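Peer 1: Please see the structure below; I have some questions.
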Amino acid sequence: IFIMEWENQTASSDFILMGIFSHTPTHIFLFSLVLGIFTVALLANTVMVLLICLDRRLHTPMYFLLSQLSLMDLMLICTTVPKMACNYLSGRKSISVAGCEAQIFFYVSLLGAECFLLAVMAYDRYAAICYPLQYPQLMNWNVCGLLAASSWILGVFDGIVDIAATLSFSYCGSREIPQFFCDLPALLRLSCTDTSTFETLVFICCVVMLLFPLSLIIISYTRVIITVIRMSSGEGRHKAFTTCSSHLVVVGMYYGAAMFIYMRPTSNRSPAQDTMVSTFYTILTPMLNPLIYSLRNKDVAKAFSRVLGKEKSRE
């Protein structure tokens, strides 16, 4: 049934991405700014992944999980921005049904995977700070790999559920999406099929994939803060607060935007608000994440210096 629906959709006209920029001087400047942010995010996340792979001192569970976060951010920003830039520069606004479904699958999968990965990162810090002696057993490489893989698998499962549902919908009338990419809430508004059951399913998925991991993060960091306050070493307390505050900033940005987009009823949605928040978590957050972790982390800065030093010595 899904395949027949997909073939019918493909035979009809493509979707139209309205985008967020016109060709006025102000919007040309903003478009250039987005391209700059995309370039910084691309480079920063690539450097973070390569740095953690190349430097043996960063081969720890915490940095392995951070490399997975950077990889997810790298894939997320490449899912939306290149198509937006291509459409803007070429003057075309269309996207095929297959391309639209692919965008939905990848960004939903990646957003879901990041939800669970941030919870895993919170557990890692909880185990390292609250149980330092047992940490090598609580977070050995087998456990770390299993938790990271589970984040990816759960995210992909969420993407498959959403893509299967959207393939079964019929789209009639306007095919204009008031976004710069195929966003699930925007696509639901175009469907002439009753989507109320699916919207309930999306809300339940959001409870599981947003509120449940967020609850684990809050519990973990409550225990961490209590432990840090009790530390006698001022240096240890400062290091723990620095590491945890970086993670909490990322958690606040990510979960706040995701809950705003996906946990509001359709009647309360505004295309302008959705576009603004979507721009934040699909473009700005992938750039901020590696900068937040690298600027506040001396180990990453030292590793970067060591790698650069090795390259210079080879020359």
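Ordering of the structure tokens sets the chain letters (A, B, ...), residue numbers begin anew at 1 in every chain, and ligands are numbered from 1 in the order given.
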Considering only strand (DSSP E or B) as DSSP defines it on the backbone, what residues of segment 73-306 of chain A qualify? List them as a list in words.
Peer 2: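 Of segment 73-306 of chain A, the ones in strand (DSSP E or B) are Ser94, Ile95, Tyr171, Glu176, Ile177 and Ser191 of chain A.
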Peer 1: Write out as a PDB file with C-alpha atoms, in the first residue's frame which residues come within 10 Å of Tyr107 of chain A when counting only C-alpha atoms, dropping same-chain ones fewer than 2 positions away.
Peer 2:
ATOM      1  CA  MET A  72      25.160  13.389  13.955  1.00  0.00           C
ATOM      2  CA  ASP A  73      25.387  17.188  13.758  1.00  0.00           C
ATOM      3  CA  MET A  75      24.886  14.688   8.936  1.00  0.00           C
ATOM      4  CA  LEU A  76      21.983  16.826  10.191  1.00  0.00           C
ATOM      5  CA  ILE A  77      23.215  20.090   8.717  1.00  0.00           C
ATOM      6  CA  CYS A  78      24.101  18.360   5.424  1.00  0.00           C
ATOM      7  CA  THR A  79      20.519  17.063   5.210  1.00  0.00           C
ATOM      8  CA  THR A  80      18.927  20.516   4.888  1.00  0.00           C
ATOM      9  CA  ALA A 102      14.552  11.259   2.331  1.00  0.00           C
ATOM     10  CA  GLN A 103      14.948  14.599   4.137  1.00  0.00           C
ATOM     11  CA  ILE A 104      12.251  13.663   6.653  1.00  0.00           C
ATOM     12  CA  PHE A 105      13.805  10.250   7.282  1.00  0.00           C
ATOM     13  CA  SER A 109      16.391   9.773  12.601  1.00  0.00           C
ATOM     14  CA  LEU A 110      19.253  12.100  13.511  1.00  0.00           C
ATOM     15  CA  LEU A 111      17.174  14.209  15.914  1.00  0.00           C
ATOM     16  CA  GLY A 112      15.903  11.059  17.625  1.00  0.00           C
ATOM     17  CA  ALA A 113      19.405   9.597  17.847  1.00  0.00           C
ATOM     18  CA  GLY A 155      16.672   7.152  16.005  1.00  0.00           C
ATOM     19  CA  VAL A 156      16.464   5.175  12.743  1.00  0.00           C
ATOM     20  CA  GLY A 159      12.567   7.784  11.176  1.00  0.00           C
ATOM     21  CA  PHE A 181      13.239  21.817   4.041  1.00  0.00           C
ATOM     22  CA  CYS A 182      10.612  19.069   4.277  1.00  0.00           C
ATOM     23  CA  ASP A 183       9.555  19.402   7.881  1.00  0.00           C
ATOM     24  CA  LEU A 184       7.092  16.818   9.193  1.00  0.00           C
ATOM     25  CA  THR A 282      19.025  22.459  12.170  1.00  0.00           C
TER      26      THR A 282
END
Peer 1: Could you check the closest approach to Lys298 of chain A for each of A:Leu50, A:Val161, A:Ile20, A:Leu58 and tell me which residue wins, using only C-alpha atoms?
Peer 2: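 Counting only C-alpha atoms, the residue closest to Lys298 of chain A is A:Leu58.
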Peer 1: Considering only C-alpha atoms, state which residue in the set A:Val108, A:Met121, A:Leu35, A:Ile153 is at the smallest distance from Leu65 of chain A.
Peer 2: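 Checking each candidate against Leu65 of chain A, we get A:Met121 as the closest.
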Peer 1: With only C-alpha atoms as the counted atoms, please give the residues lying no more than 8 Å from Cys144 of chain A, apart from itself and same-chain residues fewer than 4 positions off, as an mmCIF file with all heavy atoms, in the first residue's frame.
Peer 2:
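File produced: out-v2.cif:
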data_model
loop_
_atom_site.group_PDB
_atom_site.id
_atom_site.type_symbol
_atom_site.label_atom_id
_atom_site.label_comp_id
_atom_site.auth_asym_id
_atom_site.auth_seq_id
_atom_site.Cartn_x
_atom_site.Cartn_y
_atom_site.Cartn_z
ATOM 1 N N PRO A 61 35.507 6.932 26.727
ATOM 2 C CA PRO A 61 34.061 6.921 26.437
ATOM 3 C C PRO A 61 33.462 8.304 26.243
ATOM 4 O O PRO A 61 32.640 8.508 25.349
ATOM 5 C CB PRO A 61 33.475 6.218 27.674
ATOM 6 C CG PRO A 61 34.564 5.306 28.123
ATOM 7 C CD PRO A 61 35.835 6.063 27.876
ATOM 8 N N LEU A 65 31.694 9.394 22.690
ATOM 9 C CA LEU A 65 30.297 9.853 22.596
ATOM 10 C C LEU A 65 30.231 11.245 21.979
ATOM 11 O O LEU A 65 29.319 11.541 21.199
ATOM 12 C CB LEU A 65 29.647 9.844 23.977
ATOM 13 C CG LEU A 65 29.494 8.462 24.632
ATOM 14 C CD1 LEU A 65 28.972 8.603 26.064
ATOM 15 C CD2 LEU A 65 28.563 7.568 23.819
ATOM 16 N N MET A 139 31.300 1.935 32.568
ATOM 17 C CA MET A 139 31.322 2.507 31.232
ATOM 18 C C MET A 139 32.513 1.959 30.449
ATOM 19 O O MET A 139 33.322 2.718 29.897
ATOM 20 C CB MET A 139 31.402 4.037 31.329
ATOM 21 C CG MET A 139 30.869 4.765 30.111
ATOM 22 S SD MET A 139 29.120 4.459 29.834
ATOM 23 C CE MET A 139 28.862 5.464 28.363
ATOM 24 N N ASN A 140 32.620 0.626 30.403
ATOM 25 C CA ASN A 140 33.678 0.037 29.583
ATOM 26 C C ASN A 140 33.315 0.172 28.104
ATOM 27 O O ASN A 140 32.213 0.593 27.754
ATOM 28 C CB ASN A 140 33.925 -1.428 29.974
ATOM 29 C CG ASN A 140 32.677 -2.290 29.823
ATOM 30 O OD1 ASN A 140 32.057 -2.319 28.763
ATOM 31 N ND2 ASN A 140 32.300 -2.985 30.900
ATOM 32 N N ALA A 148 25.868 3.715 22.425
ATOM 33 C CA ALA A 148 25.944 4.576 21.247
ATOM 34 C C ALA A 148 25.175 3.955 20.073
ATOM 35 O O ALA A 148 24.414 4.647 19.380
ATOM 36 C CB ALA A 148 27.401 4.811 20.857
#
Peer 1: Could you give me the residues within segment 23-69 of chain A that DSSP places in alpha helix (DSSP H), as a ChimeraX atom specification?
Peer 2: /A:25-54,61-69
Peer 1: Please write the residues from the selection above to a file, keeping N, CA, C and O atoms, as a compact mmCIF listing (two decimals), in the first residue's frame.
Peer 2:
# COMPACT_ATOMS: atom_id res chain seq x y z
N PRO A 25 18.60 42.79 -0.59
CA PRO A 25 19.96 42.90 -0.02
C PRO A 25 20.06 42.31 1.39
O PRO A 25 21.05 41.64 1.71
N THR A 26 19.05 42.54 2.21
CA THR A 26 19.08 42.02 3.58
C THR A 26 19.06 40.50 3.58
O THR A 26 19.85 39.86 4.30
N HIS A 27 18.22 39.91 2.75
CA HIS A 27 18.12 38.45 2.71
C HIS A 27 19.34 37.82 2.06
O HIS A 27 19.73 36.71 2.41
N ILE A 28 19.96 38.53 1.10
CA ILE A 28 21.21 38.03 0.51
C ILE A 28 22.30 37.97 1.58
O ILE A 28 23.07 37.01 1.66
N PHE A 29 22.32 39.00 2.43
CA PHE A 29 23.29 39.00 3.54
C PHE A 29 23.01 37.84 4.51
O PHE A 29 23.94 37.14 4.93
N LEU A 30 21.72 37.63 4.85
CA LEU A 30 21.36 36.55 5.77
C LEU A 30 21.68 35.18 5.16
O LEU A 30 22.13 34.27 5.87
N PHE A 31 21.45 35.05 3.86
CA PHE A 31 21.79 33.79 3.19
C PHE A 31 23.30 33.55 3.26
O PHE A 31 23.75 32.42 3.52
N SER A 32 24.09 34.59 3.03
CA SER A 32 25.55 34.48 3.13
C SER A 32 25.96 34.09 4.55
O SER A 32 26.89 33.31 4.75
N LEU A 33 25.24 34.64 5.54
CA LEU A 33 25.52 34.32 6.94
C LEU A 33 25.24 32.85 7.22
O LEU A 33 26.03 32.17 7.90
N VAL A 34 24.13 32.33 6.68
CA VAL A 34 23.80 30.91 6.86
C VAL A 34 24.86 30.03 6.22
O VAL A 34 25.27 29.01 6.79
N LEU A 35 25.34 30.43 5.03
CA LEU A 35 26.40 29.65 4.38
C LEU A 35 27.68 29.68 5.22
O LEU A 35 28.39 28.67 5.30
N GLY A 36 27.94 30.82 5.85
CA GLY A 36 29.11 30.90 6.74
C GLY A 36 28.96 29.99 7.94
O GLY A 36 29.90 29.29 8.33
N ILE A 37 27.75 29.99 8.54
CA ILE A 37 27.48 29.11 9.68
C ILE A 37 27.60 27.65 9.27
O ILE A 37 28.18 26.81 9.99
N PHE A 38 27.08 27.32 8.08
CA PHE A 38 27.18 25.95 7.55
C PHE A 38 28.63 25.53 7.38
O PHE A 38 29.02 24.41 7.76
N THR A 39 29.45 26.43 6.85
CA THR A 39 30.87 26.12 6.65
C THR A 39 31.58 25.89 7.98
O THR A 39 32.35 24.94 8.13
N VAL A 40 31.30 26.76 8.96
CA VAL A 40 31.91 26.60 10.29
C VAL A 40 31.47 25.28 10.93
O VAL A 40 32.28 24.55 11.49
N ALA A 41 30.16 24.97 10.84
CA ALA A 41 29.65 23.72 11.41
C ALA A 41 30.27 22.51 10.73
O ALA A 41 30.63 21.53 11.40
N LEU A 42 30.40 22.58 9.42
CA LEU A 42 31.00 21.48 8.65
C LEU A 42 32.44 21.24 9.08
O LEU A 42 32.84 20.11 9.37
N LEU A 43 33.20 22.32 9.15
CA LEU A 43 34.61 22.20 9.52
C LEU A 43 34.79 21.81 10.98
O LEU A 43 35.60 20.93 11.31
N ALA A 44 34.03 22.47 11.87
CA ALA A 44 34.20 22.22 13.31
C ALA A 44 33.85 20.78 13.68
O ALA A 44 34.58 20.13 14.43
N ASN A 45 32.75 20.27 13.13
CA ASN A 45 32.36 18.90 13.46
C ASN A 45 33.28 17.88 12.82
O ASN A 45 33.59 16.85 13.42
N THR A 46 33.75 18.17 11.61
CA THR A 46 34.71 17.27 10.95
C THR A 46 36.01 17.22 11.73
O THR A 46 36.58 16.14 11.96
N VAL A 47 36.50 18.40 12.15
CA VAL A 47 37.74 18.46 12.94
C VAL A 47 37.57 17.72 14.25
O VAL A 47 38.48 16.99 14.69
N MET A 48 36.41 17.88 14.91
CA MET A 48 36.17 17.20 16.18
C MET A 48 36.21 15.69 16.01
O MET A 48 36.85 14.98 16.82
N VAL A 49 35.55 15.17 14.98
CA VAL A 49 35.54 13.72 14.75
C VAL A 49 36.94 13.22 14.46
O VAL A 49 37.39 12.21 15.04
N LEU A 50 37.68 13.92 13.56
CA LEU A 50 39.04 13.49 13.20
C LEU A 50 39.99 13.59 14.38
O LEU A 50 40.84 12.72 14.59
N LEU A 51 39.84 14.66 15.16
CA LEU A 51 40.73 14.88 16.31
C LEU A 51 40.58 13.76 17.33
O LEU A 51 41.58 13.22 17.85
N ILE A 52 39.35 13.37 17.61
CA ILE A 52 39.10 12.30 18.59
C ILE A 52 39.59 10.96 18.05
O ILE A 52 40.07 10.11 18.82
N CYS A 53 39.53 10.77 16.75
CA CYS A 53 40.04 9.53 16.15
C CYS A 53 41.56 9.48 16.16
O CYS A 53 42.16 8.42 16.39
N LEU A 54 42.21 10.62 15.91
CA LEU A 54 43.66 10.65 15.74
C LEU A 54 44.43 10.71 17.06
O LEU A 54 45.54 10.17 17.14
N PRO A 61 35.51 6.93 26.73
CA PRO A 61 34.06 6.92 26.44
C PRO A 61 33.46 8.30 26.24
O PRO A 61 32.64 8.51 25.35
N MET A 62 33.87 9.27 27.07
CA MET A 62 33.30 10.61 26.96
C MET A 62 33.55 11.22 25.58
O MET A 62 32.63 11.77 24.95
N TYR A 63 34.79 11.12 25.11
CA TYR A 63 35.12 11.72 23.82
C TYR A 63 34.60 10.88 22.65
O TYR A 63 34.30 11.42 21.58
N PHE A 64 34.49 9.58 22.84
CA PHE A 64 33.87 8.75 21.80
C PHE A 64 32.41 9.18 21.59
O PHE A 64 31.95 9.32 20.45
N LEU A 65 31.69 9.39 22.69
CA LEU A 65 30.30 9.85 22.60
C LEU A 65 30.23 11.24 21.98
O LEU A 65 29.32 11.54 21.20
N LEU A 66 31.19 12.09 22.30
CA LEU A 66 31.24 13.43 21.72
C LEU A 66 31.47 13.36 20.21
O LEU A 66 30.89 14.14 19.44
N SER A 67 32.29 12.40 19.78
CA SER A 67 32.51 12.23 18.34
C SER A 67 31.24 11.78 17.64
O SER A 67 30.97 12.18 16.50
N GLN A 68 30.43 10.96 18.31
CA GLN A 68 29.16 10.54 17.73
C GLN A 68 28.20 11.72 17.61
O GLN A 68 27.46 11.84 16.63
N LEU A 69 28.21 12.61 18.62
CA LEU A 69 27.37 13.81 18.56
C LEU A 69 27.78 14.70 17.40
O LEU A 69 26.93 15.22 16.66
Peer 1: If we count only C-alpha atoms and set the cut-off at 12 Å, which residues sit around Pro213 of chain A, ignoring sequence neighbours fewer than 5 positions away in its own chain? Please answer as JSON, numbers by chain.
Peer 2: {"A": [112, 113, 114, 115, 116, 117, 118, 119, 120, 121, 122, 123, 151, 205, 206, 207, 208, 218, 219, 220, 251, 255]}
Peer 1: Give me, as a list in words, all polymer residues having an atom no more than 9 Å from Phe304 of chain A, counting only C-alpha atoms and skipping those fewer than 3 positions away in the same chain.
Peer 2: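 Once the adjacent positions are removed, what remains is Val47, Leu51, Asp55, Asp299, Val300, Ala301, Val307, Leu308 and Gly309 of chain A.
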Peer 1: Any chance you can output those residues with N, CA and C atoms as a compact mmCIF listing (two decimals), in the first residue's frame?
Peer 2:
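The result, stored in out_28.txt:
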# COMPACT_ATOMS: atom_id res chain seq x y z
N VAL A 47 36.50 18.40 12.15
CA VAL A 47 37.74 18.46 12.94
C VAL A 47 37.57 17.72 14.25
N LEU A 51 39.84 14.66 15.16
CA LEU A 51 40.73 14.88 16.31
C LEU A 51 40.58 13.76 17.33
N ASP A 55 43.88 11.36 18.07
CA ASP A 55 44.61 11.53 19.33
C ASP A 55 44.25 10.42 20.31
N ASP A 299 41.40 19.63 27.21
CA ASP A 299 41.90 18.41 26.58
C ASP A 299 41.79 18.47 25.06
N VAL A 300 40.67 19.01 24.57
CA VAL A 300 40.48 19.13 23.12
C VAL A 300 41.47 20.13 22.54
N ALA A 301 41.67 21.25 23.24
CA ALA A 301 42.62 22.26 22.76
C ALA A 301 44.04 21.70 22.71
N VAL A 307 48.20 17.49 17.47
CA VAL A 307 48.02 17.04 16.09
C VAL A 307 48.67 18.02 15.13
N LEU A 308 48.50 19.33 15.36
CA LEU A 308 49.12 20.33 14.51
C LEU A 308 50.65 20.26 14.61
N GLY A 309 51.14 20.01 15.85
CA GLY A 309 52.56 19.89 16.06
C GLY A 309 53.16 18.72 15.30
Peer 1: Would you write out, as a Markdown table, a table of all residues in segment 149-259 of chain A that have an atom no more than 10 Å from an atom of segment 89-94 of chain A, listing for each the closest atom pair and the distance in Å to one decimal, considering only C-alpha atoms and ordering rows by chain and rising residue number?
Peer 2:
| residue | atom | partner | partner_atom | distance |
| --- | --- | --- | --- | --- |
| A:Arg175 | CA | A:Ser94 | CA | 9.7 |
| A:Glu176 | CA | A:Ser94 | CA | 9.0 |
| A:Ile177 | CA | A:Ser94 | CA | 9.8 |
| A:Phe180 | CA | A:Lys93 | CA | 9.1 |
Peer 1: Could you write out the selected residues, including all heavy atoms, as a short mmCIF file (atom, residue, chain, number, x, y, z; two decimals), in the first residue's frame?
Peer 2:
data_model
loop_
_atom_site.label_atom_id
_atom_site.label_comp_id
_atom_site.auth_asym_id
_atom_site.auth_seq_id
_atom_site.Cartn_x
_atom_site.Cartn_y
_atom_site.Cartn_z
N ARG A 175 0.74 22.38 -2.67
CA ARG A 175 1.89 21.55 -2.31
C ARG A 175 3.06 22.43 -1.87
O ARG A 175 4.21 22.02 -1.95
CB ARG A 175 2.28 20.66 -3.50
CG ARG A 175 1.17 19.71 -3.91
CD ARG A 175 1.53 18.90 -5.12
NE ARG A 175 2.50 17.85 -4.84
CZ ARG A 175 2.19 16.66 -4.36
NH1 ARG A 175 0.94 16.35 -4.08
NH2 ARG A 175 3.12 15.75 -4.14
N GLU A 176 2.72 23.64 -1.42
CA GLU A 176 3.74 24.58 -0.97
C GLU A 176 4.04 24.38 0.52
O GLU A 176 3.14 24.43 1.35
CB GLU A 176 3.29 26.02 -1.21
CG GLU A 176 3.14 26.37 -2.68
CD GLU A 176 2.73 27.82 -2.87
OE1 GLU A 176 2.38 28.48 -1.85
OE2 GLU A 176 2.74 28.29 -4.01
N ILE A 177 5.30 24.11 0.82
CA ILE A 177 5.75 23.90 2.20
C ILE A 177 6.39 25.19 2.69
O ILE A 177 7.41 25.62 2.13
CB ILE A 177 6.75 22.73 2.29
CG1 ILE A 177 6.11 21.44 1.79
CG2 ILE A 177 7.27 22.56 3.71
CD1 ILE A 177 7.06 20.26 1.71
N PHE A 180 12.23 25.75 4.62
CA PHE A 180 13.35 25.61 3.70
C PHE A 180 13.76 24.14 3.54
O PHE A 180 14.70 23.84 2.82
CB PHE A 180 14.56 26.44 4.18
CG PHE A 180 15.08 26.04 5.53
CD1 PHE A 180 16.13 25.15 5.65
CD2 PHE A 180 14.53 26.58 6.69
CE1 PHE A 180 16.62 24.80 6.90
CE2 PHE A 180 15.01 26.22 7.94
CZ PHE A 180 16.06 25.32 8.04
#
Peer 1: Which value, in Å to one decimal, gives the distance between atom CA of Thr285 of chain A and atom CA of Gly252 of chain A?
Peer 2: 10.8 Å
Peer 1: Any idea what's packed within 9 Å of Glu101 of chain A, counting only C-alpha atoms, ignoring anything in its chain fewer than 6 positions away? Could you give it as a ChimeraX atom specification?
Peer 2: /A:163,166-167,182
Peer 1: Between atom CA of Gly19 of chain A and atom CA of Phe198 of chain A, what is the spacing in Å?
Peer 2: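 Between these atoms lies a distance of 25.7 Å.
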